[in-house]
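Input: a single structure, listed below in structure tokens.
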Amino acid sequence: MIEVEGLTQVFGDKTVVDDFSFTVQPGGVTGMLGPNGAGKSTTMRMIVGLDRPVRGSVRVNGRDFRLSTTPLRDLGALLDPTALHPGRAGRVHLQALAATNGISRSRVDEVLDLTGMAEAASRRVGTYSLGMRQRLGIAAALLGDPQTLVLDEPVNGLDPDGVHWVRELMKHLAAEGRTVLVSSHLMSEMALTADHLVVMGRGRLITQGPVAEVIAQATQSDVLVHSPESDRLAAALSGIGATSRTAPDGALLVTNVTAAQVGELAASLSIPLHELTPQQGSLEDAFLALTKDDQEYVAGGMPSDATRNGAQR
Ligand SMILES: Nc1ncnc2c1ncn2[C@@H]1O[C@H](COP(=O)(O)OP(=O)(O)OP(=O)(O)O)[C@@H](O)[C@H]1O
């Protein structure tokens with residue numbers, strides 16, 4: 001378990017992590033989401049003890065991780081895959097880590113196999129692609145067979161096969177009862193991988209909870225209804241406080257009501273239904289809604305026709 005309490009970090013005159021508290025439970029994958037510059041990496045660096053917070057505390061499995069005498073066994077981290085010695089072979093990098101942490105050489109070969117890096121292990125890290133560096137970083141995080149993992153953007157640079165592999169690996173590690181905290185900008189990936197979410201913006205907690213709850217809290221859920229008597233149904237739905245709007249194909253999109261209530265109401269009035277489908281927002285919808293006031297880096301709109309025409313002249 002990771003317990004973060006009142007964590008605060010200041011760089012210059014900017015408070016980049018601000019009284020941030022959250023808990024990561026074992027046995028599941030917790031996704032940390034936030035816009036660019038929200039403070040995710042800074043928070044992760046403080047969790048793994050690379051940076052000292054100005055205020056607040058972090059406990060990993062009930063203890064201050066910075067005092068650990070077996071750090072790689074307690075917590076495995078992937079933070080910056082580019083921060084590797086370019087002249088060293090991948091295997092040598094892992095062997096050096098293993099030697100300073102009392103981990104056997106055979107474990108190095110195990111994690112190289114596990115991450116698909118065995119063949120490239122004798123090549124210098126400087127020749128690796130970003131995806132290969134990520135795999136080596138994940139191999140290093142797994143070296144001590146740790147109870148807790150902190151992974152900052154682990155799928156960055158990986159091909160679809162690699163993304164799938166990381167997803168399955170994280171789920172597998174969590175199913176073994178480990179604690180897994182992961183950040184990613186890929187919402188579709190997070191929706192498939194995470195059980196819980198911690199959403200942050202401008203260094204502060206926006207919300208945390210199970211993925212379905214976070215999505216439900218931030219998005220409007222509609223019920224899609226197809227009926228040959230949609231006008232009569234819409235009138236009846238309005239009588240029980242639901243709001244309906246008509247889609248271009250004639251379907252009703254109904255809010256403030258469950259699919260079961262729509263079905264029961266239709267049955268009680270003998271209104272036939274051809275379709276009754278609950279529709280939930282996506283994690284991306286929820287993320288955009290939750291962080292809309294906390295985006296620091298907002299792109300300009302698409303070039304307007306006027307601009308494009310002007311450019312052509
Ligand atoms: N060592 C540092 N010195 C000064 N400012 C820093 C330092 N590290 C991070 N920052 C600033 O802290 C803020 C949070 O950065 P951080 O990298 O933690 O955000 P993030 O949520 O991980 O962003 P991204 O999604 O873009 O990776 C940013 O404004 C960043 O410029």
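Please note that chains go A, B, ... in the order of the structure tokens, that every chain numbers its residues from 1, and that ligands are numbered from 1 in the order shown.
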Practice task
Give as a PyMOL selection string the residues surrounding ligand 1 up to a distance of 7 Å, considering only C-alpha atoms and all ligand atoms.
Solution key: chain A and resi 11-12+16+34-43
Could you give me, as JSON, numbers by chain, each residue of segment 211-273 of chain A that DSSP assigns to helix (DSSP H, G or I) when run on this structure's backbone? {"A": [211, 212, 213, 214, 215, 216, 217, 218, 230, 231, 232, 233, 234, 235, 236, 237, 238, 239, 259, 260, 261, 262, 263, 264, 265, 266, 267, 268]}
* To do: Run DSSP on the backbone and grab whatever in segment 95-275 of chain A lands in strand (DSSP E); send it over as JSON, numbers by chain.
  => {"A": [148, 149, 150, 151, 152, 179, 180, 181, 182, 183, 196, 197, 198, 199, 200, 201, 204, 205, 206, 207, 208, 209, 210, 222, 223, 224, 225, 226, 243, 244, 245, 246, 252, 253, 254, 255, 275]}
What's around Thr70 of chain A at 8 Å? Count only C-alpha atoms, leave out sequence neighbours fewer than 3 positions away in its own chain, and write the answer as a list in words. Arg73, Asp74 and Asn101 of chain A
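Coordinates place atom CA of Gln134 of chain A at a distance of 28.7 Å from atom CA of Thr207 of chain A.
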Do a neighbour search on segment 285-289 of chain A at 7 Å with only C-alpha atoms, toss out local chain neighbours closer than 3 positions, and write the hits as number ranges by chain. A: 215, 218-219, 281-282, 292
Go ahead and write the selection's residues with C-alpha atoms as a short mmCIF file (atom, residue, chain, number, x, y, z; two decimals), in the first residue's frame.
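New file part_5.cif:
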```cif
data_model
loop_
_atom_site.label_atom_id
_atom_site.label_comp_id
_atom_site.auth_asym_id
_atom_site.auth_seq_id
_atom_site.Cartn_x
_atom_site.Cartn_y
_atom_site.Cartn_z
CA ILE A 215 -16.61 8.18 -15.03
CA ALA A 218 -17.94 13.28 -14.38
CA THR A 219 -20.08 12.33 -17.34
CA GLY A 281 -19.40 8.41 -21.09
CA SER A 282 -15.83 7.34 -21.79
CA LYS A 292 -11.09 21.38 -17.89
#
```
- May I ask for the distance between atom CA of Lys171 of chain A and atom CA of Ala98 of chain A, given in Å to one decimal place?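 Spanning atom CA of Lys171 of chain A to atom CA of Ala98 of chain A is a straight-line distance of 24.9 Å.
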_I'd like the contact shell of segment 80-97 of chain A - 6 Å cut-off, only C-alpha atoms, skipping same-chain residues fewer than 5 positions apart - returned as a VMD selection string._
chain A and resid 121 to 126 133 to 134 137
Keeping only N, CA and C atoms, take the residues you just selected and write them out as a PDB file, in the first residue's frame.
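Generated file (selection-v6.pdb):
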```pdb
ATOM      1  N   ALA A 121      20.279  -7.829 -24.872  1.00  0.00           N
ATOM      2  CA  ALA A 121      20.901  -7.506 -23.576  1.00  0.00           C
ATOM      3  C   ALA A 121      22.381  -7.195 -23.674  1.00  0.00           C
ATOM      4  N   SER A 122      23.069  -7.708 -24.709  1.00  0.00           N
ATOM      5  CA  SER A 122      24.503  -7.435 -24.770  1.00  0.00           C
ATOM      6  C   SER A 122      24.817  -6.179 -25.598  1.00  0.00           C
ATOM      7  N   ARG A 123      23.763  -5.555 -26.123  1.00  0.00           N
ATOM      8  CA  ARG A 123      23.977  -4.308 -26.870  1.00  0.00           C
ATOM      9  C   ARG A 123      24.028  -3.109 -25.937  1.00  0.00           C
ATOM     10  N   ARG A 124      24.759  -2.062 -26.368  1.00  0.00           N
ATOM     11  CA  ARG A 124      24.843  -0.854 -25.554  1.00  0.00           C
ATOM     12  C   ARG A 124      23.490  -0.147 -25.529  1.00  0.00           C
ATOM     13  N   VAL A 125      23.144   0.391 -24.350  1.00  0.00           N
ATOM     14  CA  VAL A 125      21.853   1.048 -24.161  1.00  0.00           C
ATOM     15  C   VAL A 125      21.687   2.234 -25.124  1.00  0.00           C
ATOM     16  N   GLY A 126      22.817   2.860 -25.477  1.00  0.00           N
ATOM     17  CA  GLY A 126      22.770   4.002 -26.391  1.00  0.00           C
ATOM     18  C   GLY A 126      22.195   3.663 -27.761  1.00  0.00           C
ATOM     19  N   ARG A 133      14.245   0.907 -24.288  1.00  0.00           N
ATOM     20  CA  ARG A 133      14.627   1.507 -23.001  1.00  0.00           C
ATOM     21  C   ARG A 133      13.513   1.329 -21.973  1.00  0.00           C
ATOM     22  N   GLN A 134      12.265   1.474 -22.459  1.00  0.00           N
ATOM     23  CA  GLN A 134      11.130   1.260 -21.544  1.00  0.00           C
ATOM     24  C   GLN A 134      11.157  -0.177 -21.027  1.00  0.00           C
ATOM     25  N   GLY A 137      13.812  -0.532 -18.533  1.00  0.00           N
ATOM     26  CA  GLY A 137      13.392   0.134 -17.298  1.00  0.00           C
ATOM     27  C   GLY A 137      12.405  -0.719 -16.512  1.00  0.00           C
TER      28      GLY A 137
END
```
Pairwise distance, atom CA of Gly28 of chain A with atom CA of Ser106 of chain A, equals 28.3 Å
What's around Ser270 of chain A at 12 Å? Count only C-alpha atoms, leave out sequence neighbours fewer than 5 positions away in its own chain, and write the answer as a ChimeraX atom specification.
/A:227-229,232-233,236,262-265
Considering only C-alpha atoms, return as a ChimeraX atom specification whatever protein or nucleic-acid residues lie within 8 Å of segment 109-113 of chain A, sequence-local ones (same chain, fewer than 2 positions apart) excluded.
-> /A:91,105-107,115-118,121,136,139-140,142-143
(Q) Counting only C-alpha atoms, which residue out of A:Gly203, A:Gly6, A:Gly62, A:Gly27 sits closest to His172 of chain A? (A)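 Among the listed residues, A:Gly27 lies closest to His172 of chain A.
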